[in-house]
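See below for protein00.txt, which holds compact mmCIF, C-alpha atoms.
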# COMPACT_ATOMS: atom_id res chain seq x y z
CA MET A 1 112.32 22.44 141.53
CA LEU A 2 111.71 22.27 137.80
CA VAL A 3 109.02 24.06 135.82
CA ASN A 4 107.79 20.62 134.64
CA ASP A 5 107.01 19.75 138.29
CA ILE A 6 104.30 22.44 138.28
CA LEU A 7 102.46 21.06 135.27
CA ASP A 8 99.15 19.24 135.69
CA SER A 9 95.72 19.65 134.11
CA ARG A 10 95.37 23.18 135.56
CA TYR A 11 98.60 24.54 134.14
CA ARG A 12 99.72 24.93 130.55
CA ILE A 13 103.21 25.57 129.24
CA TRP A 14 103.45 27.82 126.17
CA THR A 15 107.17 27.76 125.43
CA VAL A 16 109.19 24.87 123.96
CA ALA A 17 109.42 21.70 126.04
CA GLU A 18 113.07 22.42 126.78
CA THR A 19 112.07 25.36 129.00
CA GLY A 20 110.15 22.92 131.22
CA LYS A 21 113.54 21.85 132.50
CA ASN A 22 114.24 25.32 133.88
CA ALA A 23 114.90 25.18 137.59
CA PHE A 24 113.27 27.68 139.93
CA SER A 25 113.69 28.42 143.58
CA GLY A 26 110.91 30.20 145.45
CA CYS A 27 108.42 32.50 143.84
CA TYR A 28 107.47 36.16 143.65
CA ALA A 29 103.89 37.24 142.98
CA GLY A 30 103.20 40.75 141.74
CA ASP A 31 101.66 42.79 138.96
CA LEU A 32 103.54 46.07 139.29
CA LEU A 33 106.54 45.24 137.13
CA SER A 34 108.83 47.93 138.53
CA VAL A 35 108.32 46.42 141.99
CA VAL A 36 108.88 42.92 140.62
CA LEU A 37 112.15 44.19 139.18
CA LYS A 38 113.17 45.52 142.56
CA SER A 39 111.98 42.70 144.81
CA ALA A 40 112.04 39.39 142.95
CA LYS A 41 115.12 37.29 143.58
CA ALA A 42 117.13 35.62 140.83
CA GLY A 43 115.78 32.13 140.24
CA ASN A 44 112.23 32.94 141.42
CA LEU A 45 109.12 31.82 139.57
CA LEU A 46 107.15 34.99 138.73
CA VAL A 47 103.37 34.73 139.26
CA THR A 48 101.45 37.61 137.65
CA ILE A 49 98.39 38.58 135.64
CA ILE A 50 100.34 41.03 133.46
CA ALA A 51 100.77 39.29 130.12
CA ASN A 52 102.88 41.86 128.31
CA ILE A 53 106.22 41.82 126.50
CA ASN A 54 107.53 44.00 129.34
CA THR A 55 106.94 41.09 131.73
CA VAL A 56 109.37 38.98 129.72
CA ALA A 57 111.86 41.87 129.71
CA VAL A 58 111.61 42.13 133.49
CA ALA A 59 112.19 38.37 133.82
CA VAL A 60 115.36 38.73 131.74
CA LEU A 61 116.60 41.65 133.84
CA ALA A 62 115.79 39.98 137.17
CA ASP A 63 117.07 36.57 136.03
CA LEU A 64 113.75 34.78 136.52
CA PRO A 65 113.57 31.37 134.79
CA ALA A 66 109.78 31.18 134.47
CA ILE A 67 106.62 33.28 134.41
CA LEU A 68 103.25 31.88 135.38
CA PHE A 69 100.33 33.97 134.14
CA CYS A 70 97.27 33.48 136.31
CA GLU A 71 93.52 34.23 136.15
CA GLY A 72 93.35 33.21 132.49
CA ALA A 73 95.97 35.64 131.19
CA VAL A 74 97.89 34.13 128.27
CA PRO A 75 101.07 35.20 126.47
CA SER A 76 101.11 36.59 122.93
CA GLY A 77 103.12 35.05 120.08
CA GLU A 78 105.70 37.83 120.42
CA MET A 79 106.10 37.09 124.12
CA ILE A 80 106.51 33.35 123.49
CA ARG A 81 109.12 34.01 120.77
CA LYS A 82 111.10 36.37 122.97
CA ALA A 83 110.85 34.11 126.03
CA GLU A 84 112.16 31.16 123.99
CA GLU A 85 115.08 33.29 122.76
CA GLU A 86 115.86 34.06 126.38
CA GLN A 87 115.15 30.48 127.54
CA ILE A 88 112.40 31.57 129.90
CA ALA A 89 109.40 29.28 130.48
CA LEU A 90 105.92 30.77 130.11
CA LEU A 91 103.00 29.05 131.79
CA SER A 92 99.37 29.92 132.38
CA THR A 93 96.49 28.90 134.57
CA GLY A 94 92.96 29.94 135.41
CA LEU A 95 93.81 29.99 139.12
CA THR A 96 94.38 33.22 141.03
CA SER A 97 97.87 34.03 142.29
CA VAL A 98 96.89 33.10 145.86
CA GLU A 99 95.47 29.77 144.66
CA VAL A 100 98.67 29.12 142.69
CA ILE A 101 100.88 29.77 145.69
CA LEU A 102 98.72 27.65 148.01
CA ASP A 103 98.77 24.87 145.43
CA LEU A 104 102.55 25.01 145.01
CA VAL A 105 103.06 24.99 148.78
CA ARG A 106 100.63 22.07 149.17
CA ARG A 107 102.61 20.14 146.57
CA SER A 108 105.91 21.07 148.31
CA LEU A 109 107.12 22.98 145.25
CA LEU A 110 107.72 26.08 147.34
CA MET B 111 106.14 52.10 138.09
CA LYS B 112 104.24 53.18 141.13
CA ASP B 113 103.41 56.73 140.12
CA LEU B 114 103.53 59.35 137.39
CA SER B 115 106.39 61.28 138.96
CA LEU B 116 108.65 58.27 138.35
CA PHE B 117 107.60 58.21 134.69
CA VAL B 118 108.40 61.92 134.48
CA LEU B 119 111.82 61.36 136.01
CA ASP B 120 112.63 58.42 133.75
CA LEU B 121 111.50 60.15 130.56
CA ALA B 122 113.33 63.37 131.44
CA GLU B 123 116.49 61.36 132.11
CA ASN B 124 116.05 59.79 128.65
CA ALA B 125 115.85 63.31 127.22
CA ILE B 126 119.01 64.37 129.04
CA ALA B 127 120.74 61.24 127.74
CA ALA B 128 119.60 62.33 124.25
CA HIS B 129 121.54 65.59 124.79
CA ALA B 130 118.46 67.76 125.26
CA SER B 131 119.19 71.24 126.59
CA ARG B 132 115.50 72.12 126.74
CA ILE B 133 112.74 70.04 128.35
CA GLU B 134 109.12 70.98 128.79
CA ILE B 135 106.88 68.90 131.04
CA ARG B 136 103.17 69.48 130.97
CA ILE B 137 100.55 67.74 133.07
CA GLU B 138 96.99 68.61 132.28
CA GLU B 139 93.78 67.59 134.01
CA ASN B 140 90.71 67.88 131.84
CA ARG B 141 87.98 66.86 134.23
CA GLU B 142 85.15 67.31 131.75
CA ALA B 143 86.81 64.88 129.38
CA ASN B 144 88.02 62.70 132.31
CA ARG B 145 91.57 62.92 130.96
CA LEU B 146 94.94 63.35 132.68
CA THR B 147 97.61 64.05 130.09
CA LEU B 148 101.33 63.84 130.67
CA GLN B 149 103.49 65.33 127.96
CA ILE B 150 107.26 65.67 127.82
CA ARG B 151 108.94 67.58 124.98
CA ASP B 152 112.64 67.83 124.44
CA ASN B 153 115.06 69.19 121.88
CA GLY B 154 117.40 66.20 122.08
CA CYS B 155 118.76 64.22 119.17
CA GLY B 156 115.34 62.73 118.35
CA MET B 157 114.65 59.53 116.46
CA ASP B 158 113.66 58.54 112.95
CA GLU B 159 110.53 56.47 112.31
CA SER B 160 112.22 53.09 112.57
CA MET B 161 114.01 54.04 115.78
CA CYS B 162 110.68 55.28 117.23
CA ARG B 163 109.12 51.86 116.66
CA ARG B 164 112.11 50.12 118.23
CA ALA B 165 112.09 52.49 121.22
CA LEU B 166 108.82 50.90 122.37
CA ASP B 167 110.37 47.43 122.33
CA PRO B 168 111.79 46.70 125.80
CA PHE B 169 114.46 44.52 124.23
CA PHE B 170 115.85 47.55 122.41
CA THR B 171 117.98 50.12 124.19
CA THR B 172 120.59 52.65 123.19
CA LYS B 173 122.36 52.10 126.49
CA THR B 174 125.45 49.92 126.34
CA THR B 175 125.36 48.84 129.97
CA ARG B 176 122.27 46.60 129.66
CA LYS B 177 120.19 44.99 126.94
CA ILE B 178 116.75 46.01 128.19
CA GLY B 179 115.17 49.49 128.05
CA LEU B 180 111.96 49.78 130.02
CA GLY B 181 111.34 53.55 130.23
CA LEU B 182 109.02 54.12 127.26
CA PRO B 183 107.54 50.57 127.28
CA PHE B 184 106.49 51.01 130.93
CA VAL B 185 104.76 54.35 130.24
CA LYS B 186 102.98 52.89 127.22
CA MET B 187 101.89 49.84 129.22
CA ALA B 188 100.65 51.98 132.14
CA ALA B 189 98.52 54.09 129.77
CA GLU B 190 97.11 51.00 128.07
CA LEU B 191 96.35 49.22 131.37
CA ALA B 192 94.31 52.27 132.37
CA GLU B 193 92.56 52.26 128.97
CA GLY B 194 94.30 55.50 128.10
CA CYS B 195 96.59 56.12 125.15
CA PHE B 196 100.22 56.73 124.37
CA ARG B 197 101.93 58.60 121.55
CA LEU B 198 105.57 59.00 120.63
CA ASP B 199 106.42 61.74 118.12
CA SER B 200 110.02 62.32 117.24
CA GLU B 201 112.14 63.76 114.50
CA SER B 202 115.79 63.01 114.07
CA GLY B 203 117.89 66.04 114.98
CA LYS B 204 114.93 67.99 116.35
CA GLY B 205 113.60 66.29 119.46
CA THR B 206 110.90 64.08 120.90
CA ILE B 207 107.40 64.48 122.31
CA VAL B 208 106.05 61.73 124.56
CA THR B 209 102.35 61.92 125.39
CA ALA B 210 100.47 59.60 127.73
CA GLU B 211 96.79 60.01 128.51
CA PHE B 212 94.99 58.41 131.42
CA PRO B 213 91.30 58.46 132.34
CA ILE B 214 91.28 60.34 135.66
CA ASP B 215 88.79 58.00 137.32
CA HIS B 216 90.27 54.69 136.11
CA LEU B 217 91.45 52.41 138.92
CA ASN B 218 94.67 51.64 137.03
CA THR B 219 95.64 55.29 136.54
CA PRO B 220 98.80 55.76 138.57
CA PRO B 221 98.82 58.45 141.29
CA LEU B 222 100.93 61.58 140.75
CA GLY B 223 103.48 60.62 143.40
CA ASP B 224 106.08 63.09 144.63
CA LEU B 225 105.88 65.38 141.64
CA PRO B 226 107.30 68.49 143.41
CA ALA B 227 110.54 66.72 144.38
CA THR B 228 110.86 65.30 140.87
CA ILE B 229 110.36 68.69 139.25
CA TYR B 230 112.83 70.36 141.61
CA THR B 231 115.43 67.64 141.00
CA LEU B 232 115.11 67.91 137.23
CA SER B 233 115.13 71.70 137.17
CA THR B 234 118.41 71.80 139.08
CA HIS B 235 120.08 69.14 136.94
CA GLN B 236 123.46 70.48 135.88
CA GLU B 237 122.94 69.59 132.20
CA MET B 238 119.55 71.29 132.04
CA HIS B 239 119.73 74.71 130.39
CA GLU B 240 116.05 75.35 129.90
CA PHE B 241 113.41 73.57 131.94
CA THR B 242 109.70 74.30 131.95
CA PHE B 243 106.95 72.65 133.93
CA TYR B 244 103.26 73.39 133.64
CA TYR B 245 100.42 71.93 135.65
CA VAL B 246 97.12 72.74 134.02
CA VAL B 247 93.61 72.22 135.37
CA GLY B 248 90.94 73.43 132.98
CA SER B 249 91.76 77.05 132.11
CA ASP B 250 94.06 77.56 135.13
CA ARG B 251 97.70 76.75 135.12
CA PHE B 252 100.80 76.80 137.28
CA GLU B 253 104.08 77.56 135.56
CA TYR B 254 107.22 76.63 137.42
CA ASP B 255 110.03 79.15 137.08
CA LEU B 256 113.08 78.23 139.13
CA ASP B 257 114.84 81.56 138.60
CA GLN B 258 111.80 83.51 139.77
CA ILE B 259 111.50 81.39 142.93
CA LYS B 260 115.21 81.69 143.60
CA SER B 261 114.98 85.48 143.34
CA ILE B 262 112.46 85.41 146.22
CA LEU B 263 115.00 83.51 148.32
CA ASP B 264 117.95 85.67 147.26
CA GLY B 265 119.99 86.93 150.22
CA LEU B 266 118.27 84.72 152.79
CA PRO B 267 120.59 82.61 154.96
CA LEU B 268 119.31 79.26 153.75
CA THR B 269 121.05 75.94 153.40
CA ARG B 270 120.74 73.92 150.19
CA GLY B 271 118.33 71.61 152.04
CA ASP B 272 116.18 74.59 153.10
CA VAL B 273 116.01 75.82 149.51
CA MET B 274 114.95 72.41 148.25
CA LYS B 275 112.31 72.13 150.98
CA PHE B 276 110.97 75.61 150.27
CA ILE B 277 110.78 75.08 146.53
CA THR B 278 109.16 71.64 146.67
CA GLU B 279 106.56 72.99 149.12
CA TYR B 280 106.01 75.97 146.82
CA ILE B 281 105.32 73.63 143.90
CA ARG B 282 103.12 71.38 146.04
CA GLU B 283 101.00 74.27 147.30
CA HIS B 284 100.45 75.66 143.82
CA ILE B 285 99.43 72.29 142.41
CA ASP B 286 97.19 71.60 145.45
CA HIS B 287 95.56 74.97 144.93
CA LEU B 288 94.90 74.27 141.26
CA ARG B 289 93.55 70.81 141.94
CA GLY B 290 91.45 71.94 144.86
CA GLY B 291 92.90 69.25 147.08
CA LYS B 292 96.04 67.68 148.46
CA LEU B 293 98.61 66.32 146.05
Rewritten as structure tokens:
Amino acid sequence: MLVNDILDSRYRIWTVAETGKNAFSGCYAGDLLSVVLKSAKAGNLLVTIIANINTVAVAVLADLPAILFCEGAVPSGEMIRKAEEEQIALLSTGLTSVEVILDLVRRSLL
Amino acid sequence: MKDLSLFVLDLAENAIAAHASRIEIRIEENREANRLTLQIRDNGCGMDESMCRRALDPFFTTKTTRKIGLGLPFVKMAAELAEGCFRLDSESGKGTIVTAEFPIDHLNTPPLGDLPATIYTLSTHQEMHEFTFYYVVGSDRFEYDLDQIKSILDGLPLTRGDVMKFITEYIREHIDHLRGGKL
């Protein structure tokens, strides 16, 4: 699946359009970044409310192609810049993580 | 990270990597001020002002094996998520002091975790020449002195595992006593 497949009126992409072509496979939802680091699998979409530069660093370390910030959390300029350098897509939504996952399953993206 | 003991371990390992021979760890509960303070001081190689700023950037690391360094950024983030504060004081050639403060009653304040095992592990690290640990609650404090504890055990037919178990329980009981409850 591609990051662009997620996008509709409820989701916004913050990084350059090119990152919308990032492919992801499965997803990991979590807010404790050390646990994300340990448990997320390479290629997963990360769903979290933690909008922090450390989240981008964890995505780099765990080889995650995209981060979806939920419940209205949005990335800072520094995070967007760093994510673009690392070719990671940053998205956001007002939905909760459970709503996101249900939505992605319903749309056969997971 | 899940708990404060993991922060302690990570920061102390940073200090050892910075060639510190002396590390002092102090955890203080000030219940009147609703503050839990974690402070780690070392006499390692320290950092100048510009290096200090970069040390809080997860994309900066002195390690050559990976390009991300999450130790200090994770502690800073944990303190900020709990509406506490974080301070990094360092002087090149002299050492570093890392201080993180957490409101005791904040839901995002991490639990202490297995502090006794962490303290024992660090105090027996082969590169550690001088290690001090204090747990302070109000005007009472527990000071960990490995040599003193070992002198109690001197001559007893104990395995290495027994010694570790005894010492971690010793630390746990003293901290429990100070806190007036189970660690």
Using all atoms listed in the file, what table do you get, as JSON lines, when you list each residue of chain A with an atom no more than 7 Å from chain B, its nearest pair of atoms, and their distance in Å rounded to one decimal, rows by chain then rising number?
{"residue": "A:Leu32", "atom": "CA", "partner": "B:Met111", "partner_atom": "CA", "distance": 6.7}
{"residue": "A:Leu33", "atom": "CA", "partner": "B:Met111", "partner_atom": "CA", "distance": 6.9}
{"residue": "A:Ser34", "atom": "CA", "partner": "B:Met111", "partner_atom": "CA", "distance": 5.0}
{"residue": "A:Asn54", "atom": "CA", "partner": "B:Pro168", "partner_atom": "CA", "distance": 6.2}
{"residue": "A:Ala57", "atom": "CA", "partner": "B:Pro168", "partner_atom": "CA", "distance": 6.2}
CA of Glu279 (chain B) sits from CA of Lys260 (chain B) at a separation of 13.5 Å
Using all atoms listed in the file, what residues lie at most 7 Å away from (101.0, 58.1, 140.0) (file coordinates), given as a list in words? Lys112, Asp113, Leu114, Ser115, Thr219, Pro220, Pro221, Leu222 and Gly223 of chain B
Selection above as a file: C-alpha atoms, as a JSON list (two decimals), keeping the file's coordinate frame:
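Wrote again.json, looks like this:
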[["chain", "number", "residue", "atom", "x", "y", "z"],
["B", 112, "LYS", "CA", 104.24, 53.18, 141.13],
["B", 113, "ASP", "CA", 103.41, 56.73, 140.12],
["B", 114, "LEU", "CA", 103.53, 59.35, 137.39],
["B", 115, "SER", "CA", 106.39, 61.28, 138.96],
["B", 219, "THR", "CA", 95.64, 55.29, 136.54],
["B", 220, "PRO", "CA", 98.80, 55.76, 138.57],
["B", 221, "PRO", "CA", 98.82, 58.45, 141.29],
["B", 222, "LEU", "CA", 100.93, 61.58, 140.75],
["B", 223, "GLY", "CA", 103.48, 60.62, 143.40]]
When you draw a straight line from CA of Ile6 (chain A) to CA of Ser97 (chain A), how long is it in Å? 13.8 Å
Using only C-alpha atoms, find the one residue out of B:Leu146, B:Ile135, B:Leu217, B:Ala125 that sits nearest to Ile229 (chain B). B:Ile135
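Note that CA of Leu110 (chain A) and CA of Arg10 (chain A) are 17.3 Å apart.
Candidate residues A:Val105, A:Cys70, A:Ala51, A:Ile88 were compared for distance to Arg12 (chain A), and the nearest is A:Cys70, using only C-alpha atoms.
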When you get a chance, write out N, CA and C atoms for region 241-266 of chain B, as an mmCIF file, keeping the file's coordinate frame.
data_model
loop_
_atom_site.group_PDB
_atom_site.id
_atom_site.type_symbol
_atom_site.label_atom_id
_atom_site.label_comp_id
_atom_site.auth_asym_id
_atom_site.auth_seq_id
_atom_site.Cartn_x
_atom_site.Cartn_y
_atom_site.Cartn_z
ATOM 1 N N PHE B 241 114.368 74.542 131.434
ATOM 2 C CA PHE B 241 113.410 73.570 131.940
ATOM 3 C C PHE B 241 112.085 74.265 132.227
ATOM 4 N N THR B 242 111.027 73.715 131.708
ATOM 5 C CA THR B 242 109.700 74.300 131.950
ATOM 6 C C THR B 242 108.771 73.215 132.459
ATOM 7 N N PHE B 243 107.963 73.577 133.433
ATOM 8 C CA PHE B 243 106.950 72.650 133.930
ATOM 9 C C PHE B 243 105.634 73.396 134.070
ATOM 10 N N TYR B 244 104.601 72.819 133.503
ATOM 11 C CA TYR B 244 103.260 73.390 133.640
ATOM 12 C C TYR B 244 102.343 72.340 134.257
ATOM 13 N N TYR B 245 101.514 72.792 135.187
ATOM 14 C CA TYR B 245 100.420 71.930 135.650
ATOM 15 C C TYR B 245 99.141 72.678 135.309
ATOM 16 N N VAL B 246 98.312 72.050 134.528
ATOM 17 C CA VAL B 246 97.120 72.740 134.020
ATOM 18 C C VAL B 246 95.862 72.010 134.498
ATOM 19 N N VAL B 247 94.930 72.776 135.025
ATOM 20 C CA VAL B 247 93.610 72.220 135.370
ATOM 21 C C VAL B 247 92.588 73.137 134.721
ATOM 22 N N GLY B 248 91.899 72.605 133.717
ATOM 23 C CA GLY B 248 90.940 73.430 132.980
ATOM 24 C C GLY B 248 91.643 74.634 132.379
ATOM 25 N N SER B 249 91.159 75.850 132.700
ATOM 26 C CA SER B 249 91.760 77.050 132.110
ATOM 27 C C SER B 249 92.818 77.668 133.034
ATOM 28 N N ASP B 250 93.048 77.037 134.191
ATOM 29 C CA ASP B 250 94.060 77.560 135.130
ATOM 30 C C ASP B 250 95.349 76.783 134.988
ATOM 31 N N ARG B 251 96.453 77.499 135.181
ATOM 32 C CA ARG B 251 97.700 76.750 135.120
ATOM 33 C C ARG B 251 98.757 77.323 136.060
ATOM 34 N N PHE B 252 99.642 76.429 136.473
ATOM 35 C CA PHE B 252 100.800 76.800 137.280
ATOM 36 C C PHE B 252 102.023 76.622 136.397
ATOM 37 N N GLU B 253 102.840 77.664 136.323
ATOM 38 C CA GLU B 253 104.080 77.560 135.560
ATOM 39 C C GLU B 253 105.247 77.660 136.526
ATOM 40 N N TYR B 254 106.075 76.682 136.508
ATOM 41 C CA TYR B 254 107.220 76.630 137.420
ATOM 42 C C TYR B 254 108.377 77.396 136.796
ATOM 43 N N ASP B 255 108.892 78.357 137.552
ATOM 44 C CA ASP B 255 110.030 79.150 137.080
ATOM 45 C C ASP B 255 111.066 79.191 138.199
ATOM 46 N N LEU B 256 112.080 78.367 138.065
ATOM 47 C CA LEU B 256 113.080 78.230 139.130
ATOM 48 C C LEU B 256 113.767 79.560 139.441
ATOM 49 N N ASP B 257 114.114 80.298 138.381
ATOM 50 C CA ASP B 257 114.840 81.560 138.600
ATOM 51 C C ASP B 257 113.987 82.555 139.396
ATOM 52 N N GLN B 258 112.701 82.589 139.062
ATOM 53 C CA GLN B 258 111.800 83.510 139.770
ATOM 54 C C GLN B 258 111.707 83.136 141.257
ATOM 55 N N ILE B 259 111.603 81.836 141.520
ATOM 56 C CA ILE B 259 111.500 81.390 142.930
ATOM 57 C C ILE B 259 112.801 81.704 143.655
ATOM 58 N N LYS B 260 113.911 81.450 142.961
ATOM 59 C CA LYS B 260 115.210 81.690 143.600
ATOM 60 C C LYS B 260 115.397 83.169 143.928
ATOM 61 N N SER B 261 114.831 84.041 143.088
ATOM 62 C CA SER B 261 114.980 85.480 143.340
ATOM 63 C C SER B 261 114.256 85.881 144.628
ATOM 64 N N ILE B 262 113.186 85.135 144.971
ATOM 65 C CA ILE B 262 112.460 85.410 146.220
ATOM 66 C C ILE B 262 113.378 85.075 147.409
ATOM 67 N N LEU B 263 114.170 84.014 147.225
ATOM 68 C CA LEU B 263 115.000 83.510 148.320
ATOM 69 C C LEU B 263 116.351 84.213 148.404
ATOM 70 N N ASP B 264 116.639 85.013 147.370
ATOM 71 C CA ASP B 264 117.950 85.670 147.260
ATOM 72 C C ASP B 264 118.317 86.420 148.550
ATOM 73 N N GLY B 265 119.500 86.189 149.052
ATOM 74 C CA GLY B 265 119.990 86.930 150.220
ATOM 75 C C GLY B 265 119.602 86.317 151.543
ATOM 76 N N LEU B 266 118.677 85.348 151.528
ATOM 77 C CA LEU B 266 118.270 84.720 152.790
ATOM 78 C C LEU B 266 119.307 83.670 153.199
#
